[in-house]
file run-v2.txt (compact mmCIF, C-alpha atoms)
# COMPACT_ATOMS: atom_id res chain seq x y z
CA MET H 1 206.00 231.86 161.97
CA THR H 2 209.21 229.82 162.27
CA MET H 3 212.29 230.56 160.22
CA LYS H 4 212.07 227.13 158.55
CA LEU H 5 208.50 227.82 157.45
CA ILE H 6 209.46 231.25 156.12
CA ALA H 7 212.33 229.72 154.14
CA LEU H 8 210.05 227.01 152.75
CA LEU H 9 207.41 229.52 151.66
CA THR H 10 210.08 231.73 150.04
CA SER H 11 211.44 228.76 148.10
CA VAL H 12 207.96 227.65 147.02
CA ALA H 13 207.13 231.19 145.91
CA ALA H 14 210.31 231.38 143.83
CA LEU H 15 209.55 228.04 142.19
CA ALA H 16 205.99 229.10 141.48
CA LEU H 17 207.18 232.34 139.89
CA ALA H 18 209.62 230.51 137.64
CA ALA H 19 207.14 227.81 136.71
CA ALA H 20 204.44 230.34 135.91
CA ALA H 21 206.59 232.44 133.57
CA PRO H 22 206.23 230.31 130.40
CA ALA H 23 202.43 230.39 130.73
CA VAL H 24 202.46 234.14 130.00
CA VAL H 25 203.90 233.54 126.53
CA SER H 26 201.28 233.97 123.80
CA ALA H 27 200.06 230.99 121.82
CA GLN H 28 201.70 232.43 118.72
CA GLU H 29 205.07 232.71 120.52
CA ALA H 30 204.72 229.22 121.98
CA GLU H 31 204.05 227.77 118.54
CA ALA H 32 206.94 229.66 116.94
CA ALA H 33 209.54 229.12 119.65
CA PRO H 34 210.60 225.53 118.86
CA THR H 35 211.19 226.34 115.18
CA ALA H 36 212.38 229.94 115.51
CA PRO H 37 216.02 230.35 114.47
CA ALA H 38 218.35 230.79 117.40
CA ILE H 39 220.36 234.01 117.40
CA ASP H 40 224.06 234.39 118.17
CA ILE H 41 224.31 235.56 121.79
CA ILE H 42 228.09 235.13 122.17
CA ARG H 43 230.00 238.20 123.32
CA ARG H 44 233.34 238.22 121.46
CA ALA H 45 236.35 238.54 123.74
CA THR H 46 237.52 241.58 121.76
CA ASP H 47 234.21 243.40 122.23
CA LEU H 48 235.32 245.97 124.81
CA PRO H 49 236.27 249.66 124.74
CA GLY H 50 239.93 250.64 124.84
CA PRO H 51 241.79 252.38 127.67
CA LEU H 52 240.59 255.82 128.68
CA ASN H 53 242.82 258.83 128.05
CA ALA H 54 241.11 261.59 130.01
CA ASN H 55 242.48 262.29 133.47
CA SER H 56 239.75 264.70 134.57
CA PRO H 57 236.41 263.30 135.83
CA ARG H 58 233.95 262.44 133.08
CA HIS H 59 230.22 261.70 132.86
CA HIS H 60 229.43 258.34 131.22
CA VAL H 61 225.99 257.29 129.97
CA VAL H 62 225.46 253.50 129.97
CA GLY H 63 222.51 252.13 128.01
CA LEU H 64 221.28 248.64 128.82
CA GLU H 65 218.34 246.78 127.30
CA THR H 66 217.16 243.59 128.97
CA THR H 67 215.91 241.04 126.46
CA GLU H 68 214.61 237.46 126.49
CA VAL H 69 215.77 235.70 123.34
CA ILE H 70 216.31 232.21 121.95
CA GLY H 71 220.06 231.83 121.48
CA GLN H 72 222.29 229.08 120.14
CA LEU H 73 223.82 227.14 123.04
CA GLU H 74 225.68 224.65 120.82
CA ASP H 75 225.19 223.16 117.35
CA GLY H 76 221.55 222.07 117.06
CA THR H 77 220.77 223.11 120.63
CA SER H 78 219.22 226.39 121.77
CA TYR H 79 218.12 228.00 125.01
CA THR H 80 216.01 230.96 126.12
CA TYR H 81 218.56 233.46 127.39
CA TRP H 82 217.87 236.59 129.40
CA THR H 83 220.44 239.17 128.37
CA TYR H 84 221.75 242.68 128.52
CA ASN H 85 221.85 243.98 124.95
CA ASN H 86 221.32 240.54 123.33
CA ARG H 87 224.72 239.15 124.32
CA VAL H 88 226.21 237.09 127.13
CA PRO H 89 227.92 238.56 129.01
CA GLY H 90 226.48 242.06 128.86
CA PRO H 91 228.51 245.00 127.50
CA PHE H 92 231.88 245.78 129.06
CA VAL H 93 231.57 249.13 130.83
CA ARG H 94 234.76 251.18 131.26
CA VAL H 95 235.12 254.26 133.46
CA ARG H 96 237.83 255.79 135.66
CA VAL H 97 237.83 256.36 139.40
CA GLY H 98 236.07 259.63 140.19
CA ASP H 99 233.86 259.49 137.09
CA THR H 100 230.07 259.81 137.25
CA VAL H 101 228.06 257.03 135.63
CA GLU H 102 224.44 257.37 134.48
CA VAL H 103 222.74 254.01 133.92
CA ASN H 104 219.61 253.88 131.76
CA MET H 105 218.03 250.43 131.69
CA THR H 106 215.11 249.52 129.45
CA ASN H 107 213.23 246.24 129.77
CA ALA H 108 212.17 245.20 126.26
CA ALA H 109 208.44 245.45 125.65
CA ASN H 110 208.15 241.76 124.69
CA SER H 111 209.81 240.52 127.89
CA VAL H 112 207.86 238.28 130.24
CA MET H 113 209.81 239.06 133.40
CA MET H 114 210.70 242.14 135.40
CA HIS H 115 214.45 242.85 135.27
CA ASN H 116 216.95 245.23 136.88
CA VAL H 117 220.70 245.68 137.30
CA ASP H 118 222.97 245.58 140.35
CA PHE H 119 226.49 246.98 139.85
CA HIS H 120 229.05 245.79 142.40
CA ALA H 121 230.94 249.01 141.66
CA VAL H 122 228.12 251.11 143.12
CA THR H 123 228.14 252.57 146.61
CA GLY H 124 224.41 252.81 147.26
CA PRO H 125 221.34 250.67 148.08
CA GLY H 126 221.25 247.42 146.15
CA GLY H 127 223.93 248.56 143.74
CA GLY H 128 221.15 250.27 141.78
CA ALA H 129 218.83 247.24 141.69
CA ALA H 130 215.85 248.87 143.41
CA ALA H 131 216.19 251.97 141.25
CA THR H 132 216.05 249.92 138.04
CA ASN H 133 213.19 247.47 138.72
CA ALA H 134 211.55 247.66 135.31
CA ASN H 135 208.46 245.90 134.03
CA PRO H 136 208.31 245.06 130.31
CA GLY H 137 208.41 248.27 128.30
CA GLU H 138 209.69 250.44 131.16
CA THR H 139 212.94 252.42 131.42
CA LYS H 140 214.56 253.12 134.79
CA SER H 141 217.68 255.12 135.62
CA PHE H 142 220.15 256.00 138.36
CA THR H 143 223.49 257.79 138.67
CA PHE H 144 226.51 256.87 140.78
CA LYS H 145 230.07 258.02 141.33
CA ALA H 146 232.83 255.47 140.81
CA LEU H 147 234.68 255.73 144.10
CA GLN H 148 237.06 252.76 144.07
CA PRO H 149 239.08 251.30 141.21
CA GLY H 150 238.68 247.64 140.32
CA LEU H 151 236.98 245.18 137.99
CA TYR H 152 233.45 244.56 139.18
CA VAL H 153 230.57 242.27 138.23
CA TYR H 154 227.10 243.55 137.46
CA HIS H 155 224.03 241.32 137.24
CA CYS H 156 220.26 241.20 137.44
CA ALA H 157 218.99 241.09 141.03
CA THR H 158 215.30 240.44 140.46
CA PRO H 159 213.97 237.44 142.47
CA MET H 160 214.80 234.74 142.06
CA VAL H 161 218.19 236.28 141.52
CA ALA H 162 220.04 233.05 140.73
CA GLN H 163 217.58 232.29 137.93
CA HIS H 164 218.17 235.62 136.20
CA ILE H 165 221.94 235.25 136.46
CA ALA H 166 221.96 231.64 135.24
CA ASN H 167 219.97 232.70 132.19
CA GLY H 168 222.74 235.11 131.17
CA MET H 169 222.25 238.42 132.98
CA TYR H 170 225.75 239.40 134.06
CA GLY H 171 228.68 241.52 132.87
CA LEU H 172 231.74 243.50 133.98
CA ILE H 173 232.50 247.15 134.71
CA LEU H 174 236.12 248.29 134.89
CA VAL H 175 236.88 251.28 137.09
CA GLU H 176 240.39 252.26 136.04
CA PRO H 177 242.76 253.66 138.69
CA GLU H 178 244.14 257.18 138.27
CA GLY H 179 246.58 257.08 135.39
CA GLY H 180 245.10 253.86 134.04
CA LEU H 181 246.75 250.43 133.86
CA PRO H 182 250.09 249.48 132.27
CA GLU H 183 249.82 249.28 128.48
CA VAL H 184 249.50 245.88 126.77
CA ASP H 185 249.10 244.83 123.14
CA HIS H 186 245.69 243.16 123.55
CA GLU H 187 242.81 243.25 126.01
CA PHE H 188 240.16 240.50 126.22
CA TYR H 189 236.81 240.16 127.98
CA VAL H 190 235.88 236.69 129.27
CA MET H 191 233.18 235.61 131.73
CA GLN H 192 232.22 232.18 132.99
CA GLY H 193 228.69 231.14 133.84
CA GLU H 194 226.44 228.13 134.33
CA ILE H 195 223.29 226.95 132.57
CA TYR H 196 220.79 224.56 134.15
CA THR H 197 218.42 222.57 131.93
CA GLU H 198 215.84 219.83 132.32
CA GLU H 199 217.36 218.00 129.35
CA GLU H 200 220.80 216.43 129.20
CA GLN H 201 223.74 218.23 127.61
CA GLY H 202 223.62 218.17 123.81
CA THR H 203 219.91 217.38 123.51
CA PRO H 204 218.74 218.77 120.14
CA GLY H 205 216.18 221.56 120.04
CA LEU H 206 215.12 224.23 122.50
CA LEU H 207 216.13 223.29 126.05
CA THR H 208 214.11 224.13 129.16
CA GLU H 209 215.57 225.73 132.28
CA SER H 210 215.57 223.59 135.42
CA ILE H 211 214.89 225.39 138.70
CA GLU H 212 215.46 222.14 140.57
CA ARG H 213 218.96 221.70 139.15
CA LEU H 214 219.65 225.37 139.80
CA LEU H 215 218.72 225.08 143.48
CA ASP H 216 220.73 221.86 143.75
CA GLU H 217 223.72 223.57 142.06
CA ARG H 218 224.01 220.90 139.33
CA PRO H 219 224.80 222.77 136.07
CA THR H 220 224.19 221.11 132.73
CA TYR H 221 226.66 223.46 131.04
CA TYR H 222 229.61 225.59 132.11
CA VAL H 223 230.13 228.35 129.54
CA MET H 224 232.60 231.09 128.71
CA ASN H 225 230.89 234.04 127.02
CA GLY H 226 227.49 232.44 126.91
CA ALA H 227 227.65 229.21 124.95
CA PHE H 228 229.35 225.82 124.73
CA LYS H 229 233.05 226.39 123.92
CA ALA H 230 232.05 229.79 122.53
CA LEU H 231 235.58 231.21 122.35
CA THR H 232 236.94 228.61 119.92
CA GLY H 233 237.09 228.39 116.13
CA ASP H 234 236.32 231.75 114.54
CA ASN H 235 235.86 233.26 118.02
CA ALA H 236 239.30 232.24 119.32
CA LEU H 237 241.46 235.01 120.77
CA GLN H 238 244.16 236.00 118.26
CA VAL H 239 247.68 237.21 119.17
CA GLU H 240 251.19 237.01 117.75
CA VAL H 241 254.45 235.78 119.23
CA GLY H 242 255.90 238.48 121.47
CA ASP H 243 252.53 240.11 122.16
CA SER H 244 251.38 240.96 125.66
CA ALA H 245 247.74 240.47 126.63
CA ARG H 246 245.44 241.31 129.49
CA ILE H 247 242.37 239.19 130.25
CA TYR H 248 239.53 240.71 132.24
CA PHE H 249 237.96 237.57 133.66
CA GLY H 250 234.80 237.39 135.75
CA VAL H 251 232.39 234.77 137.01
CA GLY H 252 228.68 235.42 136.70
CA GLY H 253 227.90 232.08 138.26
CA PRO H 254 225.53 232.05 139.96
CA ASN H 255 226.99 229.23 142.03
CA LYS H 256 230.40 227.85 141.10
CA ILE H 257 233.96 229.06 141.72
CA SER H 258 236.25 229.04 138.68
CA SER H 259 239.89 227.94 138.75
CA PHE H 260 241.01 230.01 135.79
CA HIS H 261 244.07 228.67 133.96
CA VAL H 262 245.68 228.92 130.52
CA ILE H 263 247.31 225.63 129.53
CA GLY H 264 250.92 226.20 128.45
CA GLU H 265 251.22 229.73 129.86
CA ILE H 266 251.94 231.41 133.19
CA PHE H 267 250.26 234.61 134.35
CA GLU H 268 253.05 237.16 134.68
CA ARG H 269 250.90 239.51 136.72
CA VAL H 270 247.65 238.81 138.55
CA TYR H 271 245.56 241.54 140.12
CA ARG H 272 243.97 239.27 142.70
CA ASP H 273 240.28 239.83 143.33
CA ALA H 274 240.62 242.55 140.67
CA SER H 275 242.17 244.96 143.16
CA LEU H 276 243.93 247.47 140.90
CA THR H 277 245.69 249.54 143.57
CA SER H 278 247.41 246.62 145.32
CA PRO H 279 250.68 245.37 143.79
CA PRO H 280 249.96 242.50 141.41
CA VAL H 281 251.12 238.99 142.28
CA THR H 282 253.65 237.58 139.80
CA ASP H 283 254.21 234.15 138.23
CA VAL H 284 250.87 232.48 138.94
CA GLN H 285 249.55 229.27 137.36
CA THR H 286 245.86 229.21 138.36
CA VAL H 287 243.56 231.86 139.84
CA LEU H 288 240.47 231.24 141.97
CA VAL H 289 237.54 233.50 141.07
CA PRO H 290 234.28 233.25 143.04
CA PRO H 291 230.81 233.79 141.59
CA GLY H 292 230.23 237.52 141.58
CA GLY H 293 233.99 238.11 141.49
CA ALA H 294 236.67 238.95 138.95
CA THR H 295 240.39 239.00 138.28
CA VAL H 296 242.78 240.71 135.87
CA VAL H 297 245.69 238.71 134.46
CA ASP H 298 248.58 239.73 132.19
CA LEU H 299 250.63 237.33 130.10
CA THR H 300 253.05 237.37 127.18
CA PHE H 301 253.21 234.75 124.42
CA GLU H 302 256.68 233.56 123.44
CA VAL H 303 255.84 230.41 121.47
CA PRO H 304 253.26 229.91 118.68
CA GLY H 305 250.40 227.45 119.05
CA SER H 306 246.94 226.96 120.50
CA TYR H 307 246.58 227.75 124.19
CA ILE H 308 243.46 226.58 125.97
CA MET H 309 241.70 228.71 128.58
CA VAL H 310 240.00 226.45 131.10
CA ASP H 311 238.39 226.17 134.45
CA HIS H 312 240.90 223.74 136.00
CA ALA H 313 238.05 221.79 137.53
CA LEU H 314 238.67 220.01 134.27
CA SER H 315 235.49 217.95 133.91
CA ARG H 316 233.88 221.32 133.18
CA VAL H 317 235.80 221.56 129.91
CA ASP H 318 233.60 218.79 128.50
CA ARG H 319 230.56 220.75 129.61
CA GLY H 320 231.70 223.81 127.67
CA ALA H 321 234.12 225.86 129.81
CA ALA H 322 236.99 226.24 127.36
CA GLY H 323 238.36 228.84 124.97
CA ILE H 324 241.36 229.09 122.64
CA ILE H 325 244.11 231.69 122.42
CA GLN H 326 245.68 231.26 118.97
CA VAL H 327 249.28 232.47 118.83
CA THR H 328 250.88 232.88 115.40
CA GLY H 329 254.47 233.68 114.47
CA PRO H 330 257.94 232.17 114.32
CA GLN H 331 259.01 229.22 116.43
CA ASN H 332 261.14 229.90 119.49
CA PRO H 333 263.24 226.76 120.03
CA GLU H 334 265.26 228.39 122.82
CA ILE H 335 262.13 228.35 124.95
CA PHE H 336 260.25 225.32 123.60
CA ARG H 337 260.85 222.69 120.97
CA GLY H 338 259.40 219.27 120.42
CA ALA H 339 261.61 216.25 119.95
CA PRO H 340 262.37 215.40 116.30
CA GLU H 341 259.86 212.95 114.92
CA ALA H 342 262.51 210.25 114.45
CA HIS H 343 263.22 210.30 118.19
CA ASN H 344 259.63 209.46 118.94
CA HIS H 345 260.08 205.92 117.62
CA MET H 346 261.69 203.17 119.62
CA GLU H 347 264.83 201.68 118.10
CA HIS H 348 264.67 197.96 117.30

call {"tool": "encode", "arguments": {"input": "run-v2.txt", "output": "structure tokens"}}
result
Amino acid sequence: MTMKLIALLTSVAALALAAAAPAVVSAQEAEAAPTAPAIDIIRRATDLPGPLNANSPRHHVVGLETTEVIGQLEDGTSYTYWTYNNRVPGPFVRVRVGDTVEVNMTNAANSVMMHNVDFHAVTGPGGGAAATNANPGETKSFTFKALQPGLYVYHCATPMVAQHIANGMYGLILVEPEGGLPEVDHEFYVMQGEIYTEEEQGTPGLLTESIERLLDERPTYYVMNGAFKALTGDNALQVEVGDSARIYFGVGGPNKISSFHVIGEIFERVYRDASLTSPPVTDVQTVLVPPGGATVVDLTFEVPGSYIMVDHALSRVDRGAAGIIQVTGPQNPEIFRGAPEAHNHMEH
């Protein structure tokens, strides 16, 4: 059998699997789905554990539940997400180099699909994916030792892998170096992803995933923390003038590189590719982060105002890839001041 034929059959099988999935849903679920209220799937940027204090090796138990839920994508528009623990991204896992991590993953009983989890921080076959292949209602487990510090992506690796990731199955695990990281006033958790739908952006109602658009790498939405402009309004990141902040930023993807940038700020320190033992790069404007990759950036806010986090492929902002950092406090005219209003008018 030729390689081209094998590739074609693999692609057809993946499409058939995806197309067949909705048919497994019961008639009652199918009838209820269009009118069922969409839940909030947004992971808040502040939803992460604080720095670890213990210096001796510890044993961590990580509990993950894979769920398939209708979540709010934007006002009046919903989507069937596949999640870890009902949020996108999944929970932020925090350990220290040398620690032992026990992962217990349960696939919800009402799921349609098999799910698993692949941790990029794992040294072992499939990052734990084969050990956690779980049918609906099953629980699977594995244990690993965190050997190398860094900020790592985890995601579902059940075929077709890109479909599971695009539907929301990704998150970050931080393996702190010995002694931890330099202290900052705030830490935030942000991940970018893509959503592919049959319908156009903003179509009211429950949208349908598009395998064709996924394979063609044509996202309908680019999202930060799961939904259209999710980290704005009440979910904006809040700091005060003079505060330092660290953003743990990752890209679930599954396909697109992010050019991460904060408009009106400069990253004072960047741990490129989330390498935490290499010296950070200083004074950086924009950071490239590949799908399945991450970065850690530190910055300090000297001037009050609204600062926009973007993917600097800026057409993606209109498709949802934007968040707000709201800085409150006194003005700092020595660093920035606008011209007086009277000077904005031409003299006649």

call {"tool": "atom_distance", "arguments": {"input": "run-v2.txt", "atom1": "CA of Val251 in chain H", "atom2": "CA of Arg272 in chain H"}}
result
13.7 Å

call {"tool": "residues_around", "arguments": {"input": "run-v2.txt", "residues": "Val69 in chain H", "least_positions_apart": "3", "cutoff": "8 Å", "atoms": "only C-alpha atoms", "output": "ChimeraX atom specification"}}
result
/H:39,80-83,86

call {"tool": "closest_residue", "arguments": {"input": "run-v2.txt", "among": "H:Leu231, H:Ile211, H:Val62, H:Val175", "to": "Phe188 in chain H", "atoms": "all atoms listed in the file"}}
result
H:Leu231

call {"tool": "closest_residue", "arguments": {"input": "run-v2.txt", "among": "H:Val61, H:Leu151, H:Leu276, H:Val97", "to": "Leu172 in chain H", "atoms": "all atoms listed in the file"}}
result
H:Leu151

call {"tool": "closest_residue", "arguments": {"input": "run-v2.txt", "among": "H:Met114, H:Gln192, H:Leu299, H:Ile70", "to": "Val317 in chain H", "atoms": "only C-alpha atoms"}}
result
H:Gln192

call {"tool": "closest_residue", "arguments": {"input": "run-v2.txt", "among": "H:Pro136, H:Gly193, H:Pro159, H:Gly124", "to": "Ala321 in chain H", "atoms": "only C-alpha atoms"}}
result
H:Gly193

call {"tool": "closest_residue", "arguments": {"input": "run-v2.txt", "among": "H:Gly150, H:Gly305, H:Gly338, H:Gly292", "to": "Ser278 in chain H", "atoms": "only C-alpha atoms"}}
result
H:Gly150

call {"tool": "closest_residue", "arguments": {"input": "run-v2.txt", "among": "H:His164, H:His115, H:His312, H:His155", "to": "Glu138 in chain H", "atoms": "all atoms listed in the file"}}
result
H:His115

call {"tool": "residues_around", "arguments": {"input": "run-v2.txt", "residues": "Ala245 in chain H", "least_positions_apart": "2", "cutoff": "8 Å", "atoms": "only C-alpha atoms", "output": "list in words"}}
result
Val184, Asp185, His186, Glu187, Phe188, Asp243, Ile247, Asp298, Leu299 and Thr300 of chain H

call {"tool": "atom_distance", "arguments": {"input": "run-v2.txt", "atom1": "CA of Pro304 in chain H", "atom2": "CA of Pro182 in chain H"}}
result
24.0 Å

call {"tool": "residues_around", "arguments": {"input": "run-v2.txt", "residues": "Thr139 in chain H", "least_positions_apart": "5", "cutoff": "7 Å", "atoms": "all atoms listed in the file", "output": "list in words"}}
result
Asn104, Met105, Thr106, Asn107 and Ala134 of chain H

call {"tool": "residues_around", "arguments": {"input": "run-v2.txt", "residues": "Asp273 in chain H", "least_positions_apart": "6", "cutoff": "8 Å", "atoms": "only C-alpha atoms", "output": "VMD selection string"}}
result
chain H and resid 289 293 to 296

call {"tool": "atom_distance", "arguments": {"input": "run-v2.txt", "atom1": "CA of Val297 in chain H", "atom2": "CA of Arg269 in chain H"}}
result
5.7 Å

call {"tool": "residues_around", "arguments": {"input": "run-v2.txt", "residues": "Lys256 in chain H", "least_positions_apart": "4", "cutoff": "12 Å", "atoms": "only C-alpha atoms", "output": "count of residues only"}}
result
26
